[in-house]
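Asker: The file below is target.txt, compact mmCIF, C-alpha atoms:
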```txt
# COMPACT_ATOMS: atom_id res chain seq x y z
CA MET A 1 14.46 8.62 -30.85
CA SER A 2 16.25 5.58 -29.49
CA SER A 3 15.04 2.03 -29.82
CA LEU A 4 14.08 1.73 -26.14
CA VAL A 5 10.49 0.73 -25.40
CA THR A 6 8.73 3.47 -23.44
CA LEU A 7 5.48 4.48 -21.83
CA GLU A 8 4.39 8.10 -21.51
CA ARG A 9 1.90 9.98 -19.37
CA PRO A 10 1.22 13.37 -20.94
CA ALA A 11 0.59 16.48 -18.90
CA GLU A 12 -2.84 18.03 -18.75
CA GLY A 13 -2.35 21.04 -20.97
CA GLU A 14 1.06 22.48 -21.77
CA ALA A 15 3.78 20.64 -19.87
CA ALA A 16 5.76 22.60 -17.30
CA GLY A 17 8.58 20.08 -17.49
CA LEU A 18 9.67 16.51 -18.12
CA LEU A 19 10.03 13.70 -15.58
CA VAL A 20 11.94 10.62 -16.77
CA LEU A 21 11.60 7.60 -14.49
CA HIS A 22 14.08 4.71 -14.81
CA HIS A 23 12.92 1.44 -13.28
CA GLY A 24 14.94 -0.91 -11.11
CA ARG A 25 16.43 -4.34 -11.70
CA GLY A 26 13.99 -6.98 -12.90
CA ALA A 27 11.13 -4.57 -13.67
CA ASP A 28 10.02 -2.74 -16.81
CA GLU A 29 8.61 0.56 -18.07
CA ARG A 30 5.26 -0.05 -16.34
CA ASP A 31 6.77 -0.23 -12.88
CA LEU A 32 7.30 3.45 -12.06
CA LEU A 33 4.66 5.12 -14.22
CA PRO A 34 2.18 5.13 -11.27
CA LEU A 35 4.89 6.87 -9.25
CA GLY A 36 4.64 9.70 -11.78
CA ASP A 37 1.05 10.25 -10.69
CA ALA A 38 2.08 10.29 -7.02
CA LEU A 39 4.93 12.72 -7.67
CA ASP A 40 2.91 14.94 -10.00
CA PRO A 41 -0.76 14.62 -8.97
CA GLU A 42 -1.72 17.83 -10.77
CA ARG A 43 -0.31 16.40 -14.01
CA ARG A 44 1.80 19.45 -14.74
CA LEU A 45 4.62 17.35 -16.18
CA HIS A 46 5.15 15.04 -19.12
CA VAL A 47 6.21 11.72 -17.57
CA VAL A 48 8.20 9.14 -19.53
CA ALA A 49 9.35 5.67 -18.45
CA PRO A 50 11.82 3.75 -20.65
CA ARG A 51 12.46 -0.01 -20.48
CA ALA A 52 15.99 -1.22 -19.80
CA PRO A 53 17.60 -3.00 -22.77
CA LEU A 54 18.76 -6.24 -21.12
CA ALA A 55 16.80 -9.44 -20.55
CA LEU A 56 19.04 -11.82 -18.64
CA PRO A 57 18.64 -15.64 -18.68
CA GLY A 58 17.20 -16.84 -15.41
CA TRP A 59 16.19 -13.36 -14.27
CA PRO A 60 12.73 -11.83 -14.62
CA GLY A 61 12.10 -8.41 -16.09
CA HIS A 62 14.67 -6.07 -17.58
CA HIS A 63 18.03 -4.74 -16.48
CA TRP A 64 20.21 -1.75 -17.27
CA TYR A 65 23.49 -3.61 -16.71
CA VAL A 66 24.98 -6.82 -15.34
CA VAL A 67 25.84 -6.78 -11.63
CA PRO A 68 29.14 -8.49 -10.78
CA ARG A 69 29.20 -6.55 -7.47
CA VAL A 70 26.77 -4.00 -6.01
CA GLY A 71 28.09 -0.51 -6.60
CA TYR A 72 30.35 -1.57 -9.46
CA PRO A 73 28.44 -2.19 -12.71
CA ASP A 74 29.80 -4.36 -15.49
CA PRO A 75 31.49 -1.83 -17.81
CA GLU A 76 30.34 -3.26 -21.15
CA THR A 77 26.64 -3.49 -20.35
CA PHE A 78 26.68 -0.25 -18.33
CA HIS A 79 28.15 1.77 -21.20
CA ALA A 80 25.71 0.21 -23.67
CA ALA A 81 22.79 1.27 -21.48
CA LEU A 82 24.34 4.70 -20.99
CA GLU A 83 24.54 5.18 -24.76
CA ALA A 84 20.97 3.99 -25.27
CA LEU A 85 19.63 6.30 -22.58
CA ALA A 86 21.61 9.27 -23.85
CA SER A 87 20.05 8.77 -27.28
CA PHE A 88 16.63 8.41 -25.68
CA HIS A 89 16.97 11.57 -23.59
CA ASP A 90 18.21 13.58 -26.57
CA GLY A 91 15.29 12.30 -28.61
CA ILE A 92 12.60 13.05 -26.02
CA TRP A 93 13.97 16.57 -25.56
CA ALA A 94 13.77 17.16 -29.32
CA GLU A 95 10.32 15.57 -29.55
CA THR A 96 8.73 17.46 -26.65
CA GLY A 97 10.61 20.75 -26.90
CA LEU A 98 11.37 20.41 -23.18
CA GLY A 99 15.10 20.76 -22.59
CA PRO A 100 17.45 19.39 -19.92
CA GLU A 101 16.91 22.49 -17.78
CA GLN A 102 13.22 21.51 -17.61
CA THR A 103 13.91 17.85 -16.84
CA VAL A 104 14.24 15.71 -13.73
CA LEU A 105 15.92 12.32 -14.15
CA GLY A 106 14.63 9.90 -11.54
CA GLY A 107 14.60 6.27 -10.67
CA PHE A 108 14.59 3.47 -8.15
CA SER A 109 17.54 1.22 -7.36
CA MET A 110 19.36 0.43 -10.62
CA GLY A 111 17.27 3.17 -12.25
CA SER A 112 18.71 5.69 -9.80
CA VAL A 113 22.18 4.57 -10.83
CA MET A 114 21.37 5.40 -14.44
CA SER A 115 19.86 8.75 -13.42
CA TYR A 116 23.11 9.65 -11.67
CA ALA A 117 25.13 8.39 -14.63
CA LEU A 118 23.25 10.52 -17.18
CA GLY A 119 22.77 13.53 -14.90
CA LEU A 120 26.42 13.69 -13.83
CA GLY A 121 28.18 12.23 -16.87
CA ARG A 122 30.91 14.22 -18.53
CA GLY A 123 29.68 15.64 -21.83
CA ARG A 124 26.00 15.26 -20.89
CA PRO A 125 23.84 18.34 -20.22
CA ALA A 126 22.87 19.03 -16.63
CA PRO A 127 19.21 18.38 -15.88
CA ALA A 128 17.21 20.50 -13.45
CA GLY A 129 17.29 17.68 -10.95
CA ILE A 130 18.14 14.08 -10.08
CA LEU A 131 15.64 12.06 -8.05
CA ALA A 132 17.31 8.99 -6.54
CA PHE A 133 15.43 6.36 -4.54
CA SER A 134 17.63 3.58 -3.09
CA GLY A 135 20.53 3.94 -5.49
CA PHE A 136 24.20 4.90 -5.75
CA VAL A 137 26.65 6.86 -7.85
CA PRO A 138 28.38 4.09 -9.81
CA VAL A 139 32.04 3.21 -9.81
CA VAL A 140 32.80 1.83 -13.25
CA GLU A 141 35.73 1.87 -15.65
CA GLY A 142 35.37 4.60 -18.28
CA TRP A 143 32.88 6.73 -16.36
CA GLU A 144 33.25 9.17 -13.51
CA PRO A 145 30.98 11.91 -12.15
CA SER A 146 31.62 15.42 -13.38
CA LEU A 147 30.28 18.12 -11.06
CA ALA A 148 31.87 21.09 -12.86
CA GLY A 149 29.27 23.47 -14.23
CA ARG A 150 26.37 21.76 -12.45
CA GLU A 151 25.95 24.21 -9.59
CA GLY A 152 22.30 24.81 -10.54
CA LEU A 153 21.50 21.09 -10.32
CA ARG A 154 19.27 19.93 -7.46
CA ALA A 155 19.11 16.41 -6.06
CA PHE A 156 16.65 14.43 -3.96
CA VAL A 157 18.20 11.36 -2.33
CA ALA A 158 16.16 8.87 -0.28
CA HIS A 159 17.21 5.50 1.11
CA GLY A 160 16.20 2.91 3.69
CA ARG A 161 18.50 2.18 6.59
CA SER A 162 17.30 -1.45 6.50
CA ASP A 163 18.05 -1.92 2.80
CA PRO A 164 19.66 -5.37 2.36
CA VAL A 165 20.31 -4.90 -1.37
CA MET A 166 22.00 -1.50 -1.56
CA GLU A 167 23.22 -0.39 1.85
CA VAL A 168 22.41 3.11 3.05
CA ALA A 169 26.12 4.02 3.01
CA PHE A 170 25.78 4.36 -0.78
CA ALA A 171 23.25 7.17 -0.32
CA ARG A 172 25.38 8.90 2.28
CA ARG A 173 28.38 8.82 -0.04
CA ALA A 174 26.26 10.18 -2.89
CA ARG A 175 25.14 13.06 -0.68
CA GLU A 176 28.74 13.87 0.27
CA LEU A 177 29.86 13.79 -3.36
CA LEU A 178 27.03 16.00 -4.58
CA GLU A 179 27.31 18.55 -1.81
CA ALA A 180 31.08 18.75 -2.26
CA GLY A 181 30.40 19.62 -5.91
CA GLY A 182 28.01 22.43 -5.00
CA VAL A 183 24.78 20.54 -5.68
CA GLU A 184 21.80 21.34 -3.46
CA VAL A 185 20.72 18.02 -1.91
CA GLU A 186 17.51 17.17 -0.07
CA TYR A 187 18.31 13.98 1.82
CA HIS A 188 15.99 11.48 3.50
CA GLU A 189 16.49 8.21 5.40
CA SER A 190 14.00 5.93 7.10
CA ASP A 191 13.87 2.36 8.40
CA VAL A 192 12.40 0.80 5.24
CA ALA A 193 14.18 -1.95 3.29
CA HIS A 194 14.75 -1.87 -0.49
CA SER A 195 11.62 0.06 -1.39
CA ILE A 196 10.23 3.57 -1.73
CA ASP A 197 8.96 4.87 1.59
CA PRO A 198 5.56 6.59 1.03
CA ALA A 199 6.79 9.43 3.24
CA HIS A 200 9.78 9.88 0.93
CA ALA A 201 7.47 9.91 -2.10
CA ARG A 202 5.43 12.72 -0.54
CA ALA A 203 8.57 14.70 0.21
CA ALA A 204 9.78 14.08 -3.35
CA ALA A 205 6.51 15.44 -4.77
CA ALA A 206 7.04 18.69 -2.87
CA TRP A 207 10.68 18.85 -3.99
CA LEU A 208 9.66 18.21 -7.61
CA ALA A 209 7.11 21.02 -7.52
CA THR A 210 9.85 23.49 -6.59
CA THR A 211 12.48 21.99 -8.92
CA LEU A 212 10.16 22.23 -11.95
CA PRO A 213 7.86 25.10 -10.93
```
I need this file expressed as structure tokens, please.

Answerer:
Amino acid sequence: MSSLVTLERPAEGEAAGLLVLHHGRGADERDLLPLGDALDPERRLHVVAPRAPLALPGWPGHHWYVVPRVGYPDPETFHAALEALASFHDGIWAETGLGPEQTVLGGFSMGSVMSYALGLGRGRPAPAGILAFSGFVPVVEGWEPSLAGREGLRAFVAHGRSDPVMEVAFARRARELLEAGGVEVEYHESDVAHSIDPAHARAAAAWLATTLP
């Protein structure tokens, strides 16, 4: 296992799959664990929430990477987080016996960015799905999305049209990229700001039930 701090919510009985939830900027591993209950109310899945490795001076909570410009992560801190998460994912798969094909990588905001990065990264195994709330596919030196061989991957993308932090155009571009690569995308927009719309969470729960049946 990696050195990342984590919280886990076990399934009731034998787990039908694994849901990994990556929190957003300035939060921690506790932030999205309640979302696991909303997405998986029957507790069919093993839910895991890791804490980002960075604590930045003057900023609360934890961060996956430094943000010089939205959409374009700082390469050094991004790649360090990518390596830490790759180790964590490999470890949780070995520990639980639930493989990538039984896993959905999800997150909010910066956590969605890391879900895209691990789910689409060259050399990384394709998960069953990517669940992205208010995020973007990153543009960063040394990383690019690889869609080859990921035709079985499913994606759920949801974003607010009134988001002042990460504009909705990021989600629209992600949808275009994924669909061009043969990925089945369920796409949602609403008028919320930088937050998870409860209606989107309900739709995501239904999507998750069919992605990890």

Asker: At most 7 Å is the cut-off: for each residue in segment 87-206 of chain A with any atom that close to an atom of segment 11-30 of chain A, write down the nearest atom pair and the distance in Å rounded to one decimal, counting all atoms listed in the file, chain first then increasing number, as JSON lines.

Answerer:
```
{"residue": "A:Leu98", "atom": "CA", "partner": "A:Gly17", "partner_atom": "CA", "distance": 6.3}
{"residue": "A:Gln102", "atom": "CA", "partner": "A:Gly17", "partner_atom": "CA", "distance": 4.9}
{"residue": "A:Thr103", "atom": "CA", "partner": "A:Leu18", "partner_atom": "CA", "distance": 4.6}
{"residue": "A:Val104", "atom": "CA", "partner": "A:Leu19", "partner_atom": "CA", "distance": 5.0}
{"residue": "A:Leu105", "atom": "CA", "partner": "A:Val20", "partner_atom": "CA", "distance": 5.1}
{"residue": "A:Gly106", "atom": "CA", "partner": "A:Leu21", "partner_atom": "CA", "distance": 4.8}
{"residue": "A:Gly107", "atom": "CA", "partner": "A:His22", "partner_atom": "CA", "distance": 4.5}
{"residue": "A:Phe108", "atom": "CA", "partner": "A:Gly24", "partner_atom": "CA", "distance": 5.3}
{"residue": "A:Ser109", "atom": "CA", "partner": "A:Gly24", "partner_atom": "CA", "distance": 5.0}
{"residue": "A:Met110", "atom": "CA", "partner": "A:Gly24", "partner_atom": "CA", "distance": 4.6}
{"residue": "A:Gly111", "atom": "CA", "partner": "A:His22", "partner_atom": "CA", "distance": 4.4}
{"residue": "A:Ser112", "atom": "CA", "partner": "A:His22", "partner_atom": "CA", "distance": 6.9}
```

Asker: Restrict the calculation to all atoms listed in the file, then for each residue of segment 108-154 of chain A with any atom at most 10 Å from an atom of segment 189-209 of chain A give the closest atom pair and their distance in Å to one decimal, rows by chain and rising residue number, as a Markdown table.

Answerer:
```
| residue | atom | partner | partner_atom | distance |
| --- | --- | --- | --- | --- |
| A:Phe108 | CA | A:Ile196 | CA | 7.8 |
| A:Ser109 | CA | A:His194 | CA | 8.0 |
| A:Ala128 | CA | A:Leu208 | CA | 9.8 |
| A:Gly129 | CA | A:Leu208 | CA | 8.3 |
| A:Ile130 | CA | A:Leu208 | CA | 9.8 |
| A:Leu131 | CA | A:Ala204 | CA | 7.8 |
| A:Ala132 | CA | A:Ala204 | CA | 9.6 |
| A:Phe133 | CA | A:Ile196 | CA | 6.5 |
| A:Ser134 | CA | A:His194 | CA | 6.7 |
| A:Gly135 | CA | A:His194 | CA | 9.6 |
| A:Arg154 | CA | A:Trp207 | CA | 9.3 |
```

Asker: So, counting only C-alpha atoms, which residue among A:Leu177, A:Val165, A:Leu54, A:Val70 is closest to Glu144 of chain A?

Answerer: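 Under the stated criterion, the closest residue is A:Leu177.
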
Asker: Nearest to Glu76 of chain A: which of A:Thr96, A:Trp64, A:Ala52, A:Glu167 is it, counting only C-alpha atoms?

Answerer: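 Counting only C-alpha atoms, the residue closest to Glu76 of chain A is A:Trp64.
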
Asker: Could you tell me how far atom CA of Ala81 of chain A lies from atom CA of Phe136 of chain A, in Å and to one decimal?

Answerer: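 Atom-to-atom, atom CA of Ala81 of chain A to atom CA of Phe136 of chain A, that is 16.2 Å.
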
Asker: What does the distance from atom CA of Arg122 of chain A to atom CA of Ser146 of chain A come to in Å, to one decimal?

Answerer: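 Between these atoms lies a distance of 5.3 Å.
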
Asker: Just the number, please: distance in Å from atom CA of Ala169 of chain A to atom CA of Ser115 of chain A, one decimal.

Answerer: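 Taking atom CA of Ala169 of chain A and atom CA of Ser115 of chain A, their separation equals 18.2 Å.
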
Asker: Taking the structure I provided as the source, export segment 68-104 of chain A with N, CA and C atoms, as a short mmCIF file (atom, residue, chain, number, x, y, z; two decimals), in the first residue's frame.

Answerer:
```
data_model
loop_
_atom_site.label_atom_id
_atom_site.label_comp_id
_atom_site.auth_asym_id
_atom_site.auth_seq_id
_atom_site.Cartn_x
_atom_site.Cartn_y
_atom_site.Cartn_z
N PRO A 68 -1.08 26.61 -10.98
CA PRO A 68 -0.64 27.88 -11.56
C PRO A 68 -1.71 28.49 -12.46
N ARG A 69 -2.56 27.61 -13.05
CA ARG A 69 -3.63 28.04 -13.96
C ARG A 69 -4.64 26.91 -14.04
N VAL A 70 -5.93 27.21 -13.93
CA VAL A 70 -6.96 26.18 -13.95
C VAL A 70 -6.93 25.44 -15.29
N GLY A 71 -6.88 24.12 -15.20
CA GLY A 71 -6.80 23.29 -16.39
C GLY A 71 -5.40 22.80 -16.70
N TYR A 72 -4.40 23.44 -16.07
CA TYR A 72 -3.00 23.17 -16.39
C TYR A 72 -2.21 22.96 -15.09
N PRO A 73 -2.25 21.77 -14.51
CA PRO A 73 -1.57 21.54 -13.24
C PRO A 73 -0.06 21.75 -13.33
N ASP A 74 0.50 22.10 -12.18
CA ASP A 74 1.95 22.16 -12.05
C ASP A 74 2.53 20.76 -12.26
N PRO A 75 3.44 20.58 -13.23
CA PRO A 75 3.90 19.24 -13.57
C PRO A 75 4.53 18.47 -12.41
N GLU A 76 5.39 19.12 -11.63
CA GLU A 76 6.11 18.40 -10.57
C GLU A 76 5.15 17.82 -9.52
N THR A 77 4.26 18.66 -9.02
CA THR A 77 3.35 18.18 -7.97
C THR A 77 2.28 17.25 -8.54
N PHE A 78 1.87 17.49 -9.78
CA PHE A 78 0.90 16.59 -10.43
C PHE A 78 1.47 15.19 -10.57
N HIS A 79 2.69 15.08 -11.07
CA HIS A 79 3.28 13.76 -11.29
C HIS A 79 3.57 13.05 -9.97
N ALA A 80 3.90 13.81 -8.94
CA ALA A 80 4.10 13.19 -7.62
C ALA A 80 2.80 12.61 -7.11
N ALA A 81 1.70 13.34 -7.26
CA ALA A 81 0.40 12.83 -6.84
C ALA A 81 -0.03 11.64 -7.70
N LEU A 82 0.26 11.70 -8.97
CA LEU A 82 -0.08 10.61 -9.88
C LEU A 82 0.62 9.32 -9.45
N GLU A 83 1.90 9.44 -9.11
CA GLU A 83 2.67 8.27 -8.66
C GLU A 83 2.12 7.73 -7.34
N ALA A 84 1.79 8.63 -6.42
CA ALA A 84 1.25 8.19 -5.13
C ALA A 84 -0.09 7.49 -5.29
N LEU A 85 -0.94 8.03 -6.16
CA LEU A 85 -2.25 7.41 -6.37
C LEU A 85 -2.13 6.09 -7.12
N ALA A 86 -1.22 6.01 -8.07
CA ALA A 86 -1.03 4.74 -8.78
C ALA A 86 -0.62 3.65 -7.81
N SER A 87 0.30 3.96 -6.90
CA SER A 87 0.71 3.00 -5.87
C SER A 87 -0.47 2.63 -4.97
N PHE A 88 -1.27 3.64 -4.61
CA PHE A 88 -2.43 3.38 -3.77
C PHE A 88 -3.44 2.48 -4.47
N HIS A 89 -3.76 2.79 -5.71
CA HIS A 89 -4.73 1.97 -6.45
C HIS A 89 -4.23 0.53 -6.60
N ASP A 90 -2.96 0.37 -6.96
CA ASP A 90 -2.41 -0.98 -7.09
C ASP A 90 -2.51 -1.73 -5.76
N GLY A 91 -2.24 -1.02 -4.67
CA GLY A 91 -2.28 -1.66 -3.36
C GLY A 91 -3.68 -2.04 -2.95
N ILE A 92 -4.67 -1.19 -3.20
CA ILE A 92 -6.04 -1.50 -2.78
C ILE A 92 -6.61 -2.63 -3.63
N TRP A 93 -6.20 -2.72 -4.88
CA TRP A 93 -6.63 -3.85 -5.71
C TRP A 93 -6.06 -5.16 -5.17
N ALA A 94 -4.78 -5.14 -4.79
CA ALA A 94 -4.17 -6.35 -4.24
C ALA A 94 -4.79 -6.71 -2.89
N GLU A 95 -5.06 -5.71 -2.08
CA GLU A 95 -5.59 -5.94 -0.74
C GLU A 95 -7.01 -6.48 -0.76
N THR A 96 -7.85 -5.94 -1.65
CA THR A 96 -9.26 -6.33 -1.67
C THR A 96 -9.56 -7.48 -2.62
N GLY A 97 -8.67 -7.73 -3.56
CA GLY A 97 -8.96 -8.73 -4.59
C GLY A 97 -9.93 -8.24 -5.64
N LEU A 98 -10.26 -6.96 -5.60
CA LEU A 98 -11.13 -6.33 -6.60
C LEU A 98 -10.24 -5.61 -7.60
N GLY A 99 -10.30 -6.01 -8.86
CA GLY A 99 -9.41 -5.47 -9.87
C GLY A 99 -9.91 -4.21 -10.53
N PRO A 100 -9.13 -3.64 -11.44
CA PRO A 100 -9.53 -2.42 -12.15
C PRO A 100 -10.88 -2.56 -12.85
N GLU A 101 -11.13 -3.75 -13.42
CA GLU A 101 -12.39 -3.96 -14.14
C GLU A 101 -13.60 -3.96 -13.21
N GLN A 102 -13.37 -3.97 -11.92
CA GLN A 102 -14.45 -3.89 -10.91
C GLN A 102 -14.41 -2.57 -10.15
N THR A 103 -13.73 -1.57 -10.72
CA THR A 103 -13.47 -0.33 -10.01
C THR A 103 -13.99 0.89 -10.77
N VAL A 104 -14.59 1.81 -10.04
CA VAL A 104 -14.90 3.14 -10.57
C VAL A 104 -14.04 4.15 -9.82
#
```
